Amino acid sequence: MPIKANAAAATDVGKIRSNNQDSGYAGEHLFMIADGMGGHAGGDVASAIAAKRIIEADALYETVEDAQAAMQDAIMAANDQLSETVYDHPELTGMGTTVDALMIVGDEVAIAHIGDSRIYLLRNGKLTQITTDHTFVQKLVDSGRITPAEARVHPRRSVLMRVLGDVETAPEVDLLSMTVQDGDRWIICSDGLSDYVDDKDTLRIAAAGMNAQKTADRLVKKTLDNGAPDNVTVVVLDIGAKSTASGPVTVGSASQPLAFEVKPSRRTGLIPALRLHTGRVAPLDPSHFEPAAEDYLEELIEEDARRARRRRLTWALGIFVLVLALVLGLLGAYSWTQTRYYVGSDEDTVVIYQGIQQNVGPFSLSHEYYDTGILLSELSFYDRQEVERTISAASLQDARDIVSRLRIDQPDDEDADTGGPGETATPTPTPTDGGDG
């Protein structure tokens, strides 16, 4: 029958936070993580209260059902203690915590889960997420509104639908059981890991052959390397037939003494609603929120849809402005080209062109402005070569001056102006598009 091979816990405050609001525990039979929330004043208190109370359930149980019942009772008692603490200390209003706990019972494990911390199982080289996040984006994924990949970057990915705290007197906890095998590796983690290390990297590190402690440390380091601002806590449990169990280890806020005494839970089921919401409200942690009504999900879904429509409208408007600027830029550039002129030739005469000698795809940036009527054959060899290569002009008047020079430089032949005996002289041409010649 499998026994606990080895267990380890590791935690870090993260890149931004000044205090650790996570609590982790690797015990004899119980392994758990609590991720607190509620701002600087309450997150660490919430996870510590919950962890310390749930740790009391670390014992040997005859059946997995007994273990599940014990964890359920401990979690509900912890929830009551949180409510009582807020009643006595109003400055902690709004604090809460997630809980993921795993209890070994023979060759089975009992699991309790609430919130967005996670339990993974590495078995036969495959990493499987065992728990389902109690988050807004998970609801969107379950309903087919977004994909899991979109959920990882969704702006509301940390909005919680279920937590322990002073909001709900009887929170719903997921309970399940599984059979374990030799070689199983269980990973319990706060969202500080799952939000910043993807499953591919988690699998690579977990399957690298390191022991539980090195694996937990490496996962925490990977999170920090990825720039995680949040607290991160990892508990690693290996199942094997020949190894011995290590002693209990507590990390994070639960490893420190509380600043005040926590009263034992008074589970009467009659705690007034006013006790759950005092007049003084502490700032909430912006990364978490526990909804107070069942219709909050639909409200968030509608708000998310509005945000999506606004994003699409913003993108469409941005693209329109960009295209408009591009079109106006092209029109401005084309208008500038039409202030330029050059002297060139068509098949047999000298022509003044408006524009520049460039093409954009099939479009030419110049057109014939004025056919001078001067025959190429009447030009000197040098002038003909210059015209065929084109002569740039600074302005229309400059182009006319070039044409005048070409007329003056024509060979002095009596037939040049008369067209030869019996022929009439070539008439003065006119602009092809209304030019003034």
# chains A, B, ... in the order shown; residues from 1 in each chain; ligands from 1
call {"tool": "select_by_dssp", "arguments": {"residues": "range 8-184 of chain A", "states": "strand (DSSP E)", "output": "PyMOL selection string"}}
result
chain A and resi 8-12+22-26+30-37+96-97+99-105+108-114+118-123+126-129+164-165+174-179
call {"tool": "residues_around", "arguments": {"residues": "range 68-82 of chain A", "least_positions_apart": "5", "cutoff": "8 Å", "atoms": "only C-alpha atoms", "output": "PDB file with N, CA and C atoms, in the first residue's frame"}}
result
ATOM      1  N   ALA A  46      -5.962  36.265   7.269  1.00  0.00           N
ATOM      2  CA  ALA A  46      -6.976  35.307   6.818  1.00  0.00           C
ATOM      3  C   ALA A  46      -6.366  33.946   6.531  1.00  0.00           C
ATOM      4  N   ILE A  49      -5.158  32.259   9.887  1.00  0.00           N
ATOM      5  CA  ILE A  49      -6.259  31.739  10.702  1.00  0.00           C
ATOM      6  C   ILE A  49      -6.791  30.451  10.108  1.00  0.00           C
ATOM      7  N   ALA A  50      -7.031  30.462   8.786  1.00  0.00           N
ATOM      8  CA  ALA A  50      -7.578  29.271   8.134  1.00  0.00           C
ATOM      9  C   ALA A  50      -6.614  28.100   8.226  1.00  0.00           C
ATOM     10  N   ARG A  53      -6.286  26.555  11.749  1.00  0.00           N
ATOM     11  CA  ARG A  53      -7.463  25.771  12.144  1.00  0.00           C
ATOM     12  C   ARG A  53      -7.556  24.471  11.370  1.00  0.00           C
ATOM     13  N   ILE A  54      -7.258  24.497  10.075  1.00  0.00           N
ATOM     14  CA  ILE A  54      -7.375  23.285   9.259  1.00  0.00           C
ATOM     15  C   ILE A  54      -6.261  22.295   9.592  1.00  0.00           C
ATOM     16  N   GLU A  56      -5.290  21.473  12.354  1.00  0.00           N
ATOM     17  CA  GLU A  56      -5.733  20.670  13.489  1.00  0.00           C
ATOM     18  C   GLU A  56      -6.382  19.358  13.043  1.00  0.00           C
ATOM     19  N   ALA A  57      -6.789  19.279  11.785  1.00  0.00           N
ATOM     20  CA  ALA A  57      -7.418  18.059  11.276  1.00  0.00           C
ATOM     21  C   ALA A  57      -6.413  17.044  10.754  1.00  0.00           C
ATOM     22  N   GLY A  96     -10.215  37.485   3.214  1.00  0.00           N
ATOM     23  CA  GLY A  96     -10.662  36.145   2.844  1.00  0.00           C
ATOM     24  C   GLY A  96      -9.477  35.307   2.427  1.00  0.00           C
ATOM     25  N   ALA A 101      -6.668  21.631   0.129  1.00  0.00           N
ATOM     26  CA  ALA A 101      -6.137  20.676   1.103  1.00  0.00           C
ATOM     27  C   ALA A 101      -6.243  19.267   0.551  1.00  0.00           C
ATOM     28  N   ALA A 110      -8.140  12.357  -0.037  1.00  0.00           N
ATOM     29  CA  ALA A 110      -9.335  13.197   0.027  1.00  0.00           C
ATOM     30  C   ALA A 110      -8.901  14.628  -0.259  1.00  0.00           C
ATOM     31  N   ILE A 111      -9.691  15.336  -1.058  1.00  0.00           N
ATOM     32  CA  ILE A 111      -9.323  16.680  -1.505  1.00  0.00           C
ATOM     33  C   ILE A 111     -10.448  17.652  -1.168  1.00  0.00           C
ATOM     34  N   ALA A 112     -10.094  18.813  -0.642  1.00  0.00           N
ATOM     35  CA  ALA A 112     -11.040  19.911  -0.404  1.00  0.00           C
ATOM     36  C   ALA A 112     -10.509  21.144  -1.117  1.00  0.00           C
ATOM     37  N   LEU A 164     -13.224  31.549   1.400  1.00  0.00           N
ATOM     38  CA  LEU A 164     -13.555  31.647   2.818  1.00  0.00           C
ATOM     39  C   LEU A 164     -13.398  33.102   3.227  1.00  0.00           C
ATOM     40  N   GLY A 165     -14.262  33.567   4.131  1.00  0.00           N
ATOM     41  CA  GLY A 165     -14.129  34.937   4.585  1.00  0.00           C
ATOM     42  C   GLY A 165     -15.333  35.385   5.365  1.00  0.00           C
ATOM     43  N   ASP A 166     -15.477  36.704   5.470  1.00  0.00           N
ATOM     44  CA  ASP A 166     -16.564  37.263   6.269  1.00  0.00           C
ATOM     45  C   ASP A 166     -17.786  37.602   5.428  1.00  0.00           C
ATOM     46  N   THR A 169     -21.578  32.726   5.213  1.00  0.00           N
ATOM     47  CA  THR A 169     -21.546  31.917   6.433  1.00  0.00           C
ATOM     48  C   THR A 169     -21.359  30.442   6.147  1.00  0.00           C
ATOM     49  N   ALA A 170     -21.761  29.978   4.969  1.00  0.00           N
ATOM     50  CA  ALA A 170     -21.633  28.562   4.622  1.00  0.00           C
ATOM     51  C   ALA A 170     -21.125  28.432   3.196  1.00  0.00           C
ATOM     52  N   PRO A 171     -19.866  28.741   2.945  1.00  0.00           N
ATOM     53  CA  PRO A 171     -19.330  28.674   1.581  1.00  0.00           C
ATOM     54  C   PRO A 171     -19.327  27.239   1.065  1.00  0.00           C
ATOM     55  N   VAL A 173     -17.727  24.177  -0.649  1.00  0.00           N
ATOM     56  CA  VAL A 173     -16.388  23.619  -0.822  1.00  0.00           C
ATOM     57  C   VAL A 173     -16.480  22.377  -1.700  1.00  0.00           C
ATOM     58  N   LEU A 175     -15.445  18.791  -2.714  1.00  0.00           N
ATOM     59  CA  LEU A 175     -14.845  17.622  -2.073  1.00  0.00           C
ATOM     60  C   LEU A 175     -14.758  16.499  -3.088  1.00  0.00           C
ATOM     61  N   LEU A 176     -13.612  15.832  -3.182  1.00  0.00           N
ATOM     62  CA  LEU A 176     -13.448  14.708  -4.086  1.00  0.00           C
ATOM     63  C   LEU A 176     -12.397  13.776  -3.534  1.00  0.00           C
ATOM     64  N   VAL A 262      -7.145  34.699  18.450  1.00  0.00           N
ATOM     65  CA  VAL A 262      -8.328  34.333  17.676  1.00  0.00           C
ATOM     66  C   VAL A 262      -9.224  33.475  18.557  1.00  0.00           C
ATOM     67  N   LYS A 263     -10.479  33.873  18.674  1.00  0.00           N
ATOM     68  CA  LYS A 263     -11.412  33.142  19.518  1.00  0.00           C
ATOM     69  C   LYS A 263     -11.793  31.823  18.850  1.00  0.00           C
ATOM     70  N   PRO A 264     -12.062  30.788  19.645  1.00  0.00           N
ATOM     71  CA  PRO A 264     -12.549  29.535  19.063  1.00  0.00           C
ATOM     72  C   PRO A 264     -13.867  29.765  18.327  1.00  0.00           C
ATOM     73  N   SER A 265     -14.082  28.954  17.307  1.00  0.00           N
ATOM     74  CA  SER A 265     -15.286  29.101  16.494  1.00  0.00           C
ATOM     75  C   SER A 265     -16.527  28.813  17.316  1.00  0.00           C
ATOM     76  N   ARG A 266     -17.541  29.701  17.144  1.00  0.00           N
ATOM     77  CA  ARG A 266     -18.842  29.464  17.775  1.00  0.00           C
ATOM     78  C   ARG A 266     -19.843  29.186  16.665  1.00  0.00           C
ATOM     79  N   ARG A 267     -19.852  27.948  16.194  1.00  0.00           N
ATOM     80  CA  ARG A 267     -20.709  27.604  15.059  1.00  0.00           C
ATOM     81  C   ARG A 267     -22.136  27.387  15.524  1.00  0.00           C
TER      82      ARG A 267
END
call {"tool": "closest_residue", "arguments": {"among": "A:Ser335, A:Gly14, A:Val327, A:Thr98", "to": "Tyr196 in chain A", "atoms": "only C-alpha atoms"}}
result
A:Gly14
call {"tool": "residues_around", "arguments": {"residues": "Ser364 in chain A", "least_positions_apart": "3", "cutoff": "12 Å", "atoms": "only C-alpha atoms", "output": "list in words"}}
result
Tyr334, Thr337, Gln338, Tyr353, Gln354, Gly355, Ile356, Gln357, Gln358, Asn359, Val360, Gly361, His367 and Glu368 of chain A
call {"tool": "select_by_dssp", "arguments": {"residues": "range 66-136 of chain A", "states": "helix (DSSP H, G or I)", "output": "list in words"}}
result
Asp66, Ala67, Gln68, Ala69, Ala70, Met71, Gln72, Asp73, Ala74, Ile75, Met76, Ala77, Ala78, Asn79, Asp80, Gln81, Leu82, Ser83, Glu84, Thr85, Val86, Tyr87, Asp88, Pro90, Glu91, Leu92 and Phe136 of chain A
call {"tool": "closest_atom_pairs", "arguments": {"of": "range 180-200 of chain A", "to": "range 211-231 of chain A", "cutoff": "9 Å", "atoms": "only C-alpha atoms", "output": "JSON lines"}}
result
{"residue": "A:Arg185", "atom": "CA", "partner": "A:Ala212", "partner_atom": "CA", "distance": 8.6}
{"residue": "A:Ile187", "atom": "CA", "partner": "A:Ala216", "partner_atom": "CA", "distance": 8.5}
{"residue": "A:Ser190", "atom": "CA", "partner": "A:Asn231", "partner_atom": "CA", "distance": 8.0}
{"residue": "A:Asp191", "atom": "CA", "partner": "A:Asp230", "partner_atom": "CA", "distance": 8.3}
{"residue": "A:Gly192", "atom": "CA", "partner": "A:Asp230", "partner_atom": "CA", "distance": 5.4}
{"residue": "A:Leu193", "atom": "CA", "partner": "A:Thr223", "partner_atom": "CA", "distance": 5.9}
{"residue": "A:Ser194", "atom": "CA", "partner": "A:Thr223", "partner_atom": "CA", "distance": 8.7}
{"residue": "A:Asp195", "atom": "CA", "partner": "A:Ala228", "partner_atom": "CA", "distance": 8.2}
{"residue": "A:Tyr196", "atom": "CA", "partner": "A:Thr223", "partner_atom": "CA", "distance": 6.0}
{"residue": "A:Val197", "atom": "CA", "partner": "A:Thr223", "partner_atom": "CA", "distance": 6.0}
call {"tool": "closest_residue", "arguments": {"among": "A:Phe136, A:Tyr120, A:Tyr342, A:Tyr25", "to": "Ala399 in chain A", "atoms": "only C-alpha atoms"}}
result
A:Tyr342
call {"tool": "closest_residue", "arguments": {"among": "A:Pro148, A:Gly43, A:Gly115, A:Gly125", "to": "Met95 in chain A", "atoms": "only C-alpha atoms"}}
result
A:Gly43
call {"tool": "closest_residue", "arguments": {"among": "A:Ile205, A:Ala59, A:Val159, A:Val403", "to": "Ile391 in chain A", "atoms": "only C-alpha atoms"}}
result
A:Val403
call {"tool": "residues_around", "arguments": {"residues": "range 245-260 of chain A", "least_positions_apart": "5", "cutoff": "6 Å", "atoms": "only C-alpha atoms", "output": "ChimeraX atom specification"}}
result
/A:4-6,22-27,44,48
call {"tool": "closest_residue", "arguments": {"among": "A:Leu365, A:Leu92, A:Val105, A:Leu122", "to": "Leu331 in chain A", "atoms": "only C-alpha atoms"}}
result
A:Leu365
call {"tool": "atom_distance", "arguments": {"atom1": "CA of Leu376 in chain A", "atom2": "CA of Asp348 in chain A"}}
result
5.5 Å
call {"tool": "closest_residue", "arguments": {"among": "A:His154, A:Asp35, A:Thr135, A:Asp116", "to": "Arg307 in chain A", "atoms": "only C-alpha atoms"}}
result
A:His154
